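Student: So here's model30.txt, just compact mmCIF, C-alpha atoms:
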```
# COMPACT_ATOMS: atom_id res chain seq x y z
CA MET A 1 -54.30 49.28 34.69
CA LYS A 2 -54.76 50.37 31.11
CA LYS A 3 -54.89 47.69 28.50
CA ASN A 4 -53.56 47.96 25.00
CA SER A 5 -56.22 48.16 22.37
CA ASN A 6 -56.38 47.91 18.65
CA LYS A 7 -58.24 50.05 16.20
CA THR A 8 -61.50 48.19 16.85
CA GLY A 9 -61.28 48.85 20.51
CA ARG A 10 -60.96 45.11 21.34
CA ALA A 11 -58.67 44.26 24.18
CA THR A 12 -55.39 42.46 23.26
CA SER A 13 -52.76 40.51 25.20
CA ARG A 14 -49.00 41.07 24.97
CA THR A 15 -48.56 37.84 22.90
CA PRO A 16 -50.08 38.40 19.49
CA GLU A 17 -52.39 35.79 18.03
CA TYR A 18 -51.06 34.04 14.86
CA PRO A 19 -53.33 33.89 11.84
CA SER A 20 -54.97 30.49 11.49
CA ARG A 21 -52.80 29.43 8.48
CA LEU A 22 -49.60 30.35 10.32
CA ARG A 23 -50.69 28.44 13.40
CA ALA A 24 -51.38 25.38 11.28
CA PHE A 25 -47.89 25.63 9.66
CA VAL A 26 -46.16 25.97 13.02
CA THR A 27 -48.05 22.96 14.36
CA LEU A 28 -47.14 20.88 11.28
CA LEU A 29 -43.48 21.92 11.41
CA THR A 30 -43.22 21.14 15.11
CA GLY A 31 -44.69 17.69 14.53
CA ARG A 32 -42.25 16.92 11.72
CA ILE A 33 -39.28 18.01 13.80
CA CYS A 34 -40.39 15.69 16.57
CA LEU A 35 -40.81 12.84 14.07
CA VAL A 36 -37.33 13.36 12.64
CA ALA A 37 -35.86 13.43 16.13
CA ILE A 38 -37.58 10.15 16.98
CA VAL A 39 -36.32 8.52 13.77
CA LEU A 40 -32.76 9.66 14.46
CA LEU A 41 -32.90 8.26 17.96
CA VAL A 42 -34.05 4.92 16.60
CA ILE A 43 -31.54 4.53 13.75
CA SER A 44 -28.44 6.04 15.37
CA PRO A 45 -27.67 2.88 17.40
CA LEU A 46 -27.91 0.89 14.16
CA GLN A 47 -25.39 3.18 12.45
CA ALA A 48 -22.99 2.74 15.33
CA GLN A 49 -22.86 -1.01 14.83
CA PRO A 50 -19.70 -2.29 13.03
CA GLU A 51 -20.17 -3.54 9.46
CA ASN A 52 -20.19 -7.24 8.76
CA PHE A 53 -17.10 -7.45 6.54
CA PRO A 54 -16.51 -9.48 4.46
CA GLU A 55 -20.01 -10.25 3.24
CA ARG A 56 -19.06 -12.16 0.10
CA PRO A 57 -16.16 -14.25 -1.29
CA VAL A 58 -12.67 -12.75 -1.44
CA THR A 59 -10.37 -13.11 -4.46
CA ILE A 60 -6.59 -13.48 -4.29
CA VAL A 61 -4.70 -12.54 -7.46
CA VAL A 62 -1.42 -14.37 -8.13
CA PRO A 63 0.71 -12.72 -10.87
CA PHE A 64 2.49 -15.99 -11.65
CA GLY A 65 1.45 -19.23 -13.32
CA VAL A 66 -0.11 -22.21 -11.58
CA GLY A 67 2.48 -24.23 -9.67
CA GLY A 68 4.89 -21.38 -9.03
CA SER A 69 6.09 -20.53 -5.53
CA ALA A 70 3.58 -17.72 -4.87
CA ASP A 71 0.78 -19.86 -6.29
CA ARG A 72 1.68 -22.85 -4.08
CA MET A 73 1.86 -20.60 -1.02
CA THR A 74 -1.55 -19.07 -1.73
CA ARG A 75 -3.40 -22.25 -2.61
CA THR A 76 -2.01 -24.08 0.42
CA MET A 77 -3.34 -21.31 2.65
CA ALA A 78 -6.61 -20.51 0.86
CA ASN A 79 -9.00 -22.78 2.76
CA TYR A 80 -7.55 -21.84 6.15
CA PHE A 81 -7.70 -18.16 5.23
CA ALA A 82 -11.33 -18.64 4.19
CA ASP A 83 -12.14 -20.14 7.61
CA ALA A 84 -10.55 -17.15 9.34
CA LEU A 85 -12.46 -14.67 7.16
CA GLY A 86 -15.76 -16.52 7.27
CA GLN A 87 -16.07 -16.32 3.48
CA PRO A 88 -14.79 -18.43 0.54
CA VAL A 89 -11.43 -17.45 -0.95
CA ASN A 90 -10.93 -17.76 -4.71
CA VAL A 91 -7.41 -17.86 -6.21
CA ILE A 92 -6.89 -16.64 -9.78
CA ASN A 93 -3.67 -16.43 -11.81
CA ARG A 94 -2.74 -13.46 -13.98
CA PRO A 95 0.86 -14.24 -15.03
CA GLY A 96 3.13 -12.31 -17.35
CA ALA A 97 5.63 -9.47 -17.71
CA GLY A 98 7.36 -10.14 -14.41
CA THR A 99 4.14 -9.63 -12.32
CA LEU A 100 3.17 -6.45 -14.22
CA ILE A 101 0.01 -7.97 -15.70
CA GLY A 102 -1.20 -9.36 -12.39
CA ALA A 103 -0.40 -6.17 -10.46
CA ASN A 104 -2.26 -4.03 -13.00
CA TYR A 105 -5.26 -6.35 -12.85
CA PHE A 106 -5.25 -6.21 -9.06
CA LEU A 107 -5.10 -2.40 -9.01
CA SER A 108 -7.95 -2.19 -11.52
CA ARG A 109 -10.32 -3.90 -9.09
CA PRO A 110 -12.52 -1.87 -6.69
CA ASP A 111 -10.71 -0.71 -3.55
CA ASP A 112 -13.22 -2.40 -1.27
CA GLY A 113 -11.16 -5.16 0.35
CA TYR A 114 -12.48 -8.06 -1.69
CA THR A 115 -9.30 -8.45 -3.78
CA ILE A 116 -5.87 -9.33 -2.37
CA LEU A 117 -2.51 -9.61 -4.17
CA ALA A 118 -0.18 -12.54 -3.43
CA SER A 119 3.16 -11.94 -5.08
CA GLY A 120 6.92 -12.00 -5.09
CA PHE A 121 7.22 -8.37 -4.09
CA SER A 122 10.99 -8.33 -4.09
CA PRO A 123 12.48 -8.34 -6.60
CA TYR A 124 9.71 -8.91 -9.15
CA LEU A 125 7.25 -6.13 -8.35
CA ILE A 126 10.16 -3.81 -7.58
CA ASN A 127 11.66 -4.46 -11.02
CA THR A 128 8.41 -3.61 -12.79
CA VAL A 129 8.61 -0.20 -11.13
CA ILE A 130 12.34 0.37 -11.68
CA ASN A 131 12.39 -0.53 -15.37
CA GLY A 132 9.77 2.11 -16.08
CA SER A 133 7.04 -0.09 -17.55
CA ALA A 134 4.71 0.16 -14.56
CA ASP A 135 2.21 2.97 -14.01
CA TYR A 136 2.23 2.25 -10.29
CA GLY A 137 4.81 2.67 -7.53
CA ILE A 138 5.62 0.66 -4.45
CA ASP A 139 3.54 3.11 -2.37
CA ASP A 140 0.39 2.08 -4.24
CA PHE A 141 0.35 -1.14 -2.23
CA ALA A 142 -0.49 -1.64 1.45
CA TYR A 143 1.61 -4.61 2.49
CA LEU A 144 -0.07 -7.08 4.84
CA ASN A 145 2.77 -9.47 5.53
CA PHE A 146 5.95 -10.84 3.98
CA GLN A 147 6.09 -14.46 5.08
CA TRP A 148 8.39 -16.36 2.71
CA PHE A 149 12.04 -15.31 2.43
CA ASP A 150 14.29 -17.25 0.10
CA GLU A 151 18.04 -17.02 -0.47
CA ASP A 152 19.65 -17.74 -3.81
CA LEU A 153 21.58 -20.93 -4.47
CA ILE A 154 24.54 -20.97 -6.87
CA ALA A 155 24.87 -24.48 -8.28
CA LEU A 156 26.62 -26.26 -11.15
CA TYR A 157 25.06 -28.90 -13.34
CA ARG A 158 26.34 -32.19 -11.88
CA ASP A 159 28.37 -33.04 -15.03
CA ALA A 160 29.68 -29.53 -15.69
CA PRO A 161 33.48 -29.50 -16.21
CA TYR A 162 34.16 -27.14 -13.31
CA ARG A 163 35.10 -28.09 -9.78
CA ASP A 164 34.29 -24.84 -7.98
CA LEU A 165 33.32 -21.18 -8.31
CA SER A 166 36.86 -20.06 -9.06
CA GLU A 167 37.14 -22.41 -12.05
CA LEU A 168 33.72 -21.33 -13.28
CA LEU A 169 34.65 -17.63 -13.21
CA THR A 170 38.02 -18.35 -14.86
CA ALA A 171 36.30 -20.18 -17.71
CA ILE A 172 33.88 -17.28 -18.25
CA ARG A 173 36.80 -14.84 -18.35
CA ASP A 174 39.16 -16.85 -20.55
CA HIS A 175 36.68 -18.56 -22.89
CA PRO A 176 33.96 -16.03 -23.85
CA LYS A 177 30.52 -17.47 -24.63
CA SER A 178 31.61 -21.01 -23.70
CA VAL A 179 29.78 -21.03 -20.35
CA ARG A 180 25.98 -20.99 -20.17
CA GLY A 181 24.08 -19.90 -17.07
CA ALA A 182 20.39 -19.88 -16.13
CA VAL A 183 18.51 -17.28 -14.09
CA VAL A 184 14.93 -16.06 -13.83
CA LYS A 185 14.55 -12.75 -15.62
CA GLY A 186 14.63 -9.80 -13.23
CA SER A 187 15.24 -11.99 -10.18
CA ALA A 188 17.80 -11.62 -7.40
CA GLY A 189 19.72 -14.44 -9.10
CA HIS A 190 19.78 -12.44 -12.33
CA LEU A 191 21.29 -9.51 -10.48
CA THR A 192 23.75 -11.71 -8.56
CA ALA A 193 25.09 -13.19 -11.81
CA ASN A 194 25.88 -9.73 -13.16
CA LEU A 195 27.31 -8.58 -9.83
CA LEU A 196 29.69 -11.55 -9.91
CA LEU A 197 30.92 -10.57 -13.34
CA GLU A 198 31.30 -6.90 -12.41
CA ALA A 199 33.10 -7.61 -9.12
CA ASN A 200 35.61 -9.90 -10.86
CA GLY A 201 36.25 -7.67 -13.84
CA ILE A 202 34.61 -10.00 -16.38
CA PRO A 203 32.84 -8.41 -19.37
CA PRO A 204 29.12 -9.30 -19.18
CA GLN A 205 29.09 -10.38 -22.84
CA ASN A 206 31.52 -13.19 -21.99
CA LEU A 207 28.79 -15.15 -20.25
CA ASN A 208 26.04 -16.81 -22.23
CA LEU A 209 23.34 -16.00 -19.67
CA VAL A 210 19.83 -17.26 -20.38
CA ALA A 211 17.10 -15.35 -18.51
CA TYR A 212 14.00 -17.54 -18.27
CA ASN A 213 10.49 -16.31 -17.50
CA SER A 214 9.91 -18.84 -14.72
CA GLY A 215 11.84 -20.80 -12.14
CA GLY A 216 10.47 -24.04 -13.51
CA LEU A 217 12.02 -23.44 -16.93
CA ALA A 218 15.37 -22.37 -15.44
CA ARG A 219 15.53 -25.44 -13.20
CA ALA A 220 14.59 -27.72 -16.08
CA ALA A 221 17.43 -26.23 -18.11
CA VAL A 222 20.11 -27.00 -15.54
CA ALA A 223 18.65 -30.41 -14.69
CA GLY A 224 18.80 -31.31 -18.37
CA GLY A 225 22.35 -30.06 -18.81
CA VAL A 226 21.26 -27.27 -21.18
CA VAL A 227 23.21 -24.80 -19.02
CA ASP A 228 26.34 -25.18 -16.89
CA PHE A 229 25.09 -23.44 -13.77
CA ILE A 230 22.12 -21.74 -12.19
CA ILE A 231 21.51 -18.97 -9.66
CA ILE A 232 18.00 -19.27 -8.29
CA SER A 233 15.92 -19.48 -5.12
CA ALA A 234 17.22 -22.35 -3.00
CA ARG A 235 13.75 -23.47 -2.01
CA GLY A 236 12.21 -25.14 -4.98
CA CYS A 237 15.44 -26.83 -6.05
CA GLU A 238 14.86 -29.88 -3.85
CA GLY A 239 13.21 -31.70 -6.74
CA ILE A 240 16.32 -31.40 -8.92
CA ALA A 241 18.94 -31.87 -6.18
CA GLU A 242 20.31 -35.03 -7.82
CA TYR A 243 21.23 -33.02 -10.92
CA LEU A 244 23.06 -30.26 -9.05
CA LYS A 245 26.49 -29.65 -7.60
CA PRO A 246 25.75 -26.83 -5.11
CA LEU A 247 28.48 -24.22 -4.59
CA ALA A 248 27.22 -21.40 -2.37
CA VAL A 249 24.31 -19.27 -1.20
CA ASN A 250 24.10 -15.50 -1.36
CA ASN A 251 23.66 -15.03 2.36
CA ASP A 252 25.67 -14.09 5.43
CA VAL A 253 25.56 -17.61 6.88
CA PRO A 254 26.01 -21.13 5.48
CA ASN A 255 23.00 -23.08 4.25
CA GLU A 256 22.50 -26.21 6.32
CA VAL A 257 20.13 -27.86 3.85
CA TRP A 258 22.52 -27.65 0.91
CA GLN A 259 25.68 -27.78 3.03
CA VAL A 260 27.30 -24.83 1.24
CA PRO A 261 29.06 -21.66 2.48
CA PRO A 262 28.14 -18.00 1.87
CA LEU A 263 29.08 -16.71 -1.58
CA ASN A 264 31.43 -14.03 -0.25
CA GLU A 265 33.38 -16.67 1.65
CA LEU A 266 34.29 -18.29 -1.66
CA LEU A 267 35.11 -14.91 -3.20
CA ARG A 268 37.45 -13.90 -0.37
CA PRO A 269 40.53 -15.68 -1.85
CA LEU A 270 39.84 -13.80 -5.10
CA GLY A 271 39.84 -10.48 -3.27
CA THR A 272 36.28 -9.65 -4.30
CA ARG A 273 32.79 -9.63 -2.83
CA VAL A 274 29.20 -8.91 -3.88
CA PRO A 275 26.23 -7.39 -2.02
CA VAL A 276 24.17 -9.88 -0.05
CA LEU A 277 20.74 -9.84 -1.67
CA PRO A 278 17.59 -10.96 0.13
CA GLY A 279 16.42 -13.23 -2.69
CA SER A 280 12.70 -13.62 -3.29
CA ILE A 281 10.28 -12.19 -0.75
CA ARG A 282 6.70 -13.43 -1.03
CA GLY A 283 3.60 -12.35 0.80
CA TYR A 284 0.32 -10.48 0.57
CA ALA A 285 -0.82 -6.90 -0.01
CA MET A 286 -3.90 -4.74 -0.49
CA SER A 287 -4.03 -1.41 -2.30
CA SER A 288 -3.00 1.67 -0.34
CA ALA A 289 -6.21 3.36 -1.52
CA PHE A 290 -8.21 0.60 0.19
CA ARG A 291 -6.30 0.93 3.45
CA ALA A 292 -6.88 4.69 3.49
CA ALA A 293 -10.60 4.39 2.72
CA TYR A 294 -11.36 1.36 4.91
CA PRO A 295 -8.87 1.11 7.78
CA GLU A 296 -11.24 -1.13 9.76
CA ARG A 297 -11.54 -3.58 6.88
CA PHE A 298 -7.77 -3.62 6.50
CA GLU A 299 -7.53 -4.62 10.16
CA VAL A 300 -10.02 -7.45 9.57
CA ILE A 301 -7.92 -8.84 6.69
CA GLN A 302 -4.70 -8.43 8.67
CA GLU A 303 -6.07 -10.21 11.73
CA ALA A 304 -7.51 -13.03 9.60
CA LEU A 305 -4.14 -13.56 7.93
CA LEU A 306 -2.36 -13.65 11.28
CA LYS A 307 -4.93 -16.14 12.59
CA THR A 308 -4.39 -18.25 9.47
CA LEU A 309 -0.62 -18.40 9.90
CA SER A 310 -1.10 -19.28 13.58
CA ASN A 311 -3.03 -22.44 12.71
CA PRO A 312 -0.88 -25.47 13.73
CA GLU A 313 -2.34 -27.69 11.02
CA LEU A 314 -1.47 -25.15 8.32
CA GLN A 315 1.97 -24.58 9.79
CA ASN A 316 2.67 -28.29 9.42
CA LEU A 317 1.53 -28.25 5.78
CA LEU A 318 3.68 -25.23 4.97
CA ASP A 319 6.70 -26.83 6.62
CA GLN A 320 6.23 -30.05 4.67
CA ALA A 321 6.08 -28.07 1.43
CA SER A 322 9.11 -25.92 2.39
CA ILE A 323 6.94 -22.79 2.22
CA GLY A 324 7.77 -19.93 4.58
CA ARG A 325 5.31 -18.89 7.29
CA ARG A 326 6.84 -15.91 9.11
CA TRP A 327 4.70 -13.07 10.45
CA ILE A 328 6.35 -9.63 10.42
CA GLY A 329 3.20 -7.53 9.89
CA PRO A 330 2.34 -4.48 7.76
CA GLU A 331 4.84 -1.96 9.15
CA ALA A 332 7.91 -4.20 8.97
CA SER A 333 6.87 -5.42 5.51
CA THR A 334 6.54 -1.82 4.30
CA ASP A 335 9.97 -0.89 5.67
CA LEU A 336 11.55 -3.95 4.06
CA MET A 337 9.95 -3.12 0.71
CA LYS A 338 11.42 0.38 0.80
CA GLU A 339 14.88 -0.91 1.74
CA ASN A 340 14.86 -3.43 -1.10
CA PHE A 341 13.62 -0.84 -3.57
CA GLU A 342 16.61 1.36 -2.75
CA LEU A 343 18.98 -1.59 -3.09
CA TYR A 344 17.68 -2.72 -6.48
CA THR A 345 17.55 0.85 -7.73
CA SER A 346 21.29 1.12 -7.05
CA TYR A 347 22.04 -1.90 -9.27
CA SER A 348 19.18 -1.72 -11.78
CA HIS A 349 21.61 -1.00 -14.63
CA LEU A 350 22.86 -4.60 -14.36
CA ILE A 351 19.53 -6.26 -15.20
CA GLN A 352 18.10 -4.00 -17.87
```
Since I need it in another form, could you write the structure as structure tokens?
Tutor:
Amino acid sequence: MKKNSNKTGRATSRTPEYPSRLRAFVTLLTGRICLVAIVLLVISPLQAQPENFPERPVTIVVPFGVGGSADRMTRTMANYFADALGQPVNVINRPGAGTLIGANYFLSRPDDGYTILASGFSPYLINTVINGSADYGIDDFAYLNFQWFDEDLIALYRDAPYRDLSELLTAIRDHPKSVRGAVVKGSAGHLTANLLLEANGIPPQNLNLVAYNSGGLARAAVAGGVVDFIIISARGCEGIAEYLKPLAVNNDVPNEVWQVPPLNELLRPLGTRVPVLPGSIRGYAMSSAFRAAYPERFEVIQEALLKTLSNPELQNLLDQASIGRRWIGPEASTDLMKENFELYTSYSHLIQ
């Protein structure tokens, strides 16, 4: 059999010989590929391990002052929440502008899961969106849980010269500016007061309505006889019960604690009614950007909050302090926020 030959006449095989430099490069490249493959095999199991979140303290922002309802809820739960998370929980207050300041501060923090917002989402955060002063919308928040639902109490000052709701409304109609009322600015009670006037054909300017920046100030006003009546969250009024003559609650059912009927039951003889408002809804939220970027971390926070609210010792403390402790979860909280946003949007002209 004839062999191939080159120009020198030396016999050659079918596989050409590489030049020495090329052979050295191929050998080096092959070695590096093998090394990279070994490294990848070693570190890939480490990458598959779940992250240890949280790895440092978590901060909860409360957009109200110290001692308010959202603040009391958060501080009562903080240590138990810290135990469930395995990290300390710090509570800071950023009050002002109907939760606008606190919400803006919260949204300015990194979307990494180490900052949580505890607020009165309805109606306070909703109102900051509706009135146009907020740069955010309700979809910028990922709601963890709404746990504290509060209906509004309509109550007279104990020495006010009115026996019932009918006499109060008659006085507002017939004697403009003679009746003074207290509400928290932008609250469900603020809206209810204006709905009462509208439903009964009373010009809003007839009522001397004082809109306070906090529930504490509004309650102090009625307890001191500065105003004739108040419409405010029922829970939180226990401390001034001796100064009140309760009339009704804006709900579908009577209130057993205050022993008063639903508001629309008292309005029925007058031939009028008002929408039943949900009152204040308090709970916790993250940013929607965080939930989208770190869904696993969101689950960790959610599960820790559920574990916290399931603690019997904490449940007892919350009950003693008349603080709500319901668990409805992220999806139901989100749906409720959207429903309330639509409701308040419909009547926003009454609390501008």
Student: At what distance in Å, to one decimal, does CA of Arg219 in chain A lie from CA of Ile351 in chain A?
Tutor: 19.7 Å
Student: For CA of Arg291 in chain A and CA of Phe141 in chain A, quote the distance in Å rounded to one decimal.
Tutor: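 According to the coordinates, CA of Arg291 in chain A and CA of Phe141 in chain A are separated by 9.0 Å.
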Student: As a list of chain:residue names, please: the residues near Asp159 in chain A (cut-off 9 Å, all atoms listed in the file, same-chain neighbours under 4 positions excluded).
Tutor: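 Selected residues are A:Gly225, A:Asp228, A:Tyr243, A:Leu244, A:Lys245.
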Student: One decimal, Å: what's the distance from CA of Leu266 in chain A over to CA of Val222 in chain A, could you say?
Tutor: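 Calculated distance between CA of Leu266 in chain A and CA of Val222 in chain A is 21.7 Å.
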Student: Given only C-alpha atoms, how would the per-residue table for range 68-158 of chain A near range 334-338 of chain A read, listing every residue at most 9 Å away with its closest atom pair and distance in Å to one decimal, sorted by chain and number, as a Markdown table?
Tutor:
```
| residue | atom | partner | partner_atom | distance |
| --- | --- | --- | --- | --- |
| A:Phe121 | CA | A:Met337 | CA | 7.6 |
| A:Ser122 | CA | A:Met337 | CA | 7.2 |
| A:Ile126 | CA | A:Met337 | CA | 8.3 |
| A:Ile138 | CA | A:Met337 | CA | 7.7 |
| A:Asp139 | CA | A:Thr334 | CA | 8.8 |
| A:Ala142 | CA | A:Thr334 | CA | 7.6 |
| A:Tyr143 | CA | A:Thr334 | CA | 5.9 |
| A:Leu144 | CA | A:Thr334 | CA | 8.5 |
| A:Asn145 | CA | A:Thr334 | CA | 8.6 |
| A:Phe146 | CA | A:Leu336 | CA | 8.9 |
```
Student: Can those selected residues be exported to a file as a short mmCIF file (atom, residue, chain, number, x, y, z; two decimals), in the coordinates of the input so that it contains C-alpha atoms?
Tutor:
```cif
data_model
loop_
_atom_site.label_atom_id
_atom_site.label_comp_id
_atom_site.auth_asym_id
_atom_site.auth_seq_id
_atom_site.Cartn_x
_atom_site.Cartn_y
_atom_site.Cartn_z
CA PHE A 121 7.22 -8.37 -4.09
CA SER A 122 10.99 -8.33 -4.09
CA ILE A 126 10.16 -3.81 -7.58
CA ILE A 138 5.62 0.66 -4.45
CA ASP A 139 3.54 3.11 -2.37
CA ALA A 142 -0.49 -1.64 1.45
CA TYR A 143 1.61 -4.61 2.49
CA LEU A 144 -0.07 -7.08 4.84
CA ASN A 145 2.77 -9.47 5.53
CA PHE A 146 5.95 -10.84 3.98
#
```
Student: List as JSON lines every residue of range 232-315 of chain A that is in contact with range 106-119 of chain A, defined as an atom at most 7 Å from one of its atoms (using only C-alpha atoms), together with the nearest atom pair and the distance in Å rounded to one decimal, sorted by chain and then rising number.
Tutor:
```
{"residue": "A:Arg282", "atom": "CA", "partner": "A:Ser119", "partner_atom": "CA", "distance": 5.6}
{"residue": "A:Gly283", "atom": "CA", "partner": "A:Ala118", "partner_atom": "CA", "distance": 5.7}
{"residue": "A:Tyr284", "atom": "CA", "partner": "A:Ala118", "partner_atom": "CA", "distance": 4.5}
{"residue": "A:Ala285", "atom": "CA", "partner": "A:Leu117", "partner_atom": "CA", "distance": 5.2}
{"residue": "A:Met286", "atom": "CA", "partner": "A:Ile116", "partner_atom": "CA", "distance": 5.3}
{"residue": "A:Ser287", "atom": "CA", "partner": "A:Asp111", "partner_atom": "CA", "distance": 6.8}
{"residue": "A:Ala289", "atom": "CA", "partner": "A:Asp111", "partner_atom": "CA", "distance": 6.4}
{"residue": "A:Phe290", "atom": "CA", "partner": "A:Asp111", "partner_atom": "CA", "distance": 4.7}
{"residue": "A:Arg297", "atom": "CA", "partner": "A:Gly113", "partner_atom": "CA", "distance": 6.7}
```
Student: Which residue gives the smallest distance to Trp258 in chain A among A:Asp135, A:Ile154, A:Thr170, A:Gly67, with all atoms listed in the file counted?
Tutor: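 Using all atoms listed in the file, Trp258 in chain A sits closest to A:Ile154.
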Student: What are the closest atom pairs, with distances in Å to one decimal, for all residues of range 57-157 of chain A lying within 10 Å of range 306-321 of chain A? Consider only C-alpha atoms, order rows by chain and residue number, and present the result as CSV.
Tutor:
```
residue,atom,partner,partner_atom,distance
A:Arg72,CA,A:Ala321,CA,8.8
A:Met73,CA,A:Leu318,CA,7.8
A:Thr76,CA,A:Leu318,CA,7.4
A:Met77,CA,A:Leu314,CA,7.1
A:Ala78,CA,A:Thr308,CA,9.2
A:Asn79,CA,A:Thr308,CA,9.3
A:Tyr80,CA,A:Thr308,CA,5.8
A:Phe81,CA,A:Thr308,CA,5.4
A:Ala82,CA,A:Thr308,CA,8.7
A:Asp83,CA,A:Thr308,CA,8.2
A:Ala84,CA,A:Thr308,CA,6.3
A:Leu85,CA,A:Thr308,CA,9.1
A:Leu144,CA,A:Leu306,CA,9.5
A:Asn145,CA,A:Leu306,CA,8.8
A:Gln147,CA,A:Leu309,CA,9.2
```
Student: If we count all atoms listed in the file and set the cut-off at 12 Å, which residues sit around Asn255 in chain A, ignoring sequence neighbours fewer than 2 positions away in its own chain? Please answer as a list of chain:residue names.
Tutor: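 Selected residues are A:Asp150, A:Glu151, A:Asp152, A:Leu153, A:Ile154, A:Ala234, A:Arg235, A:Pro246, A:Leu247, A:Ala248, A:Val249, A:Asn250, A:Asn251, A:Asp252, A:Val253, A:Val257, A:Trp258, A:Gln259, A:Val260, A:Pro261, A:Pro262, A:Leu263.
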Student: Return the single residue from A:Thr192, A:Leu305, A:Ile172, A:Ala223 that is closest to Gln205 in chain A, with distances computed using all atoms listed in the file.
Tutor: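 Of A:Thr192, A:Leu305, A:Ile172, A:Ala223, the one nearest Gln205 in chain A is A:Ile172, counting all atoms listed in the file.
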Student: Write out as a VMD selection string each polymer residue whose atoms come within 10 Å of Phe149 in chain A, counting all atoms listed in the file; drop sequence neighbours fewer than 4 positions from it.
Tutor: chain A and resid 120 122 233 235 278 to 283 323 to 326
Student: With all atoms listed in the file as the counted atoms, please give the residues lying no more than 12 Å from Asp174 in chain A, apart from itself and same-chain residues fewer than 3 positions off, as a ChimeraX atom specification.
Tutor: /A:167-171,177-179,201-203,206-207
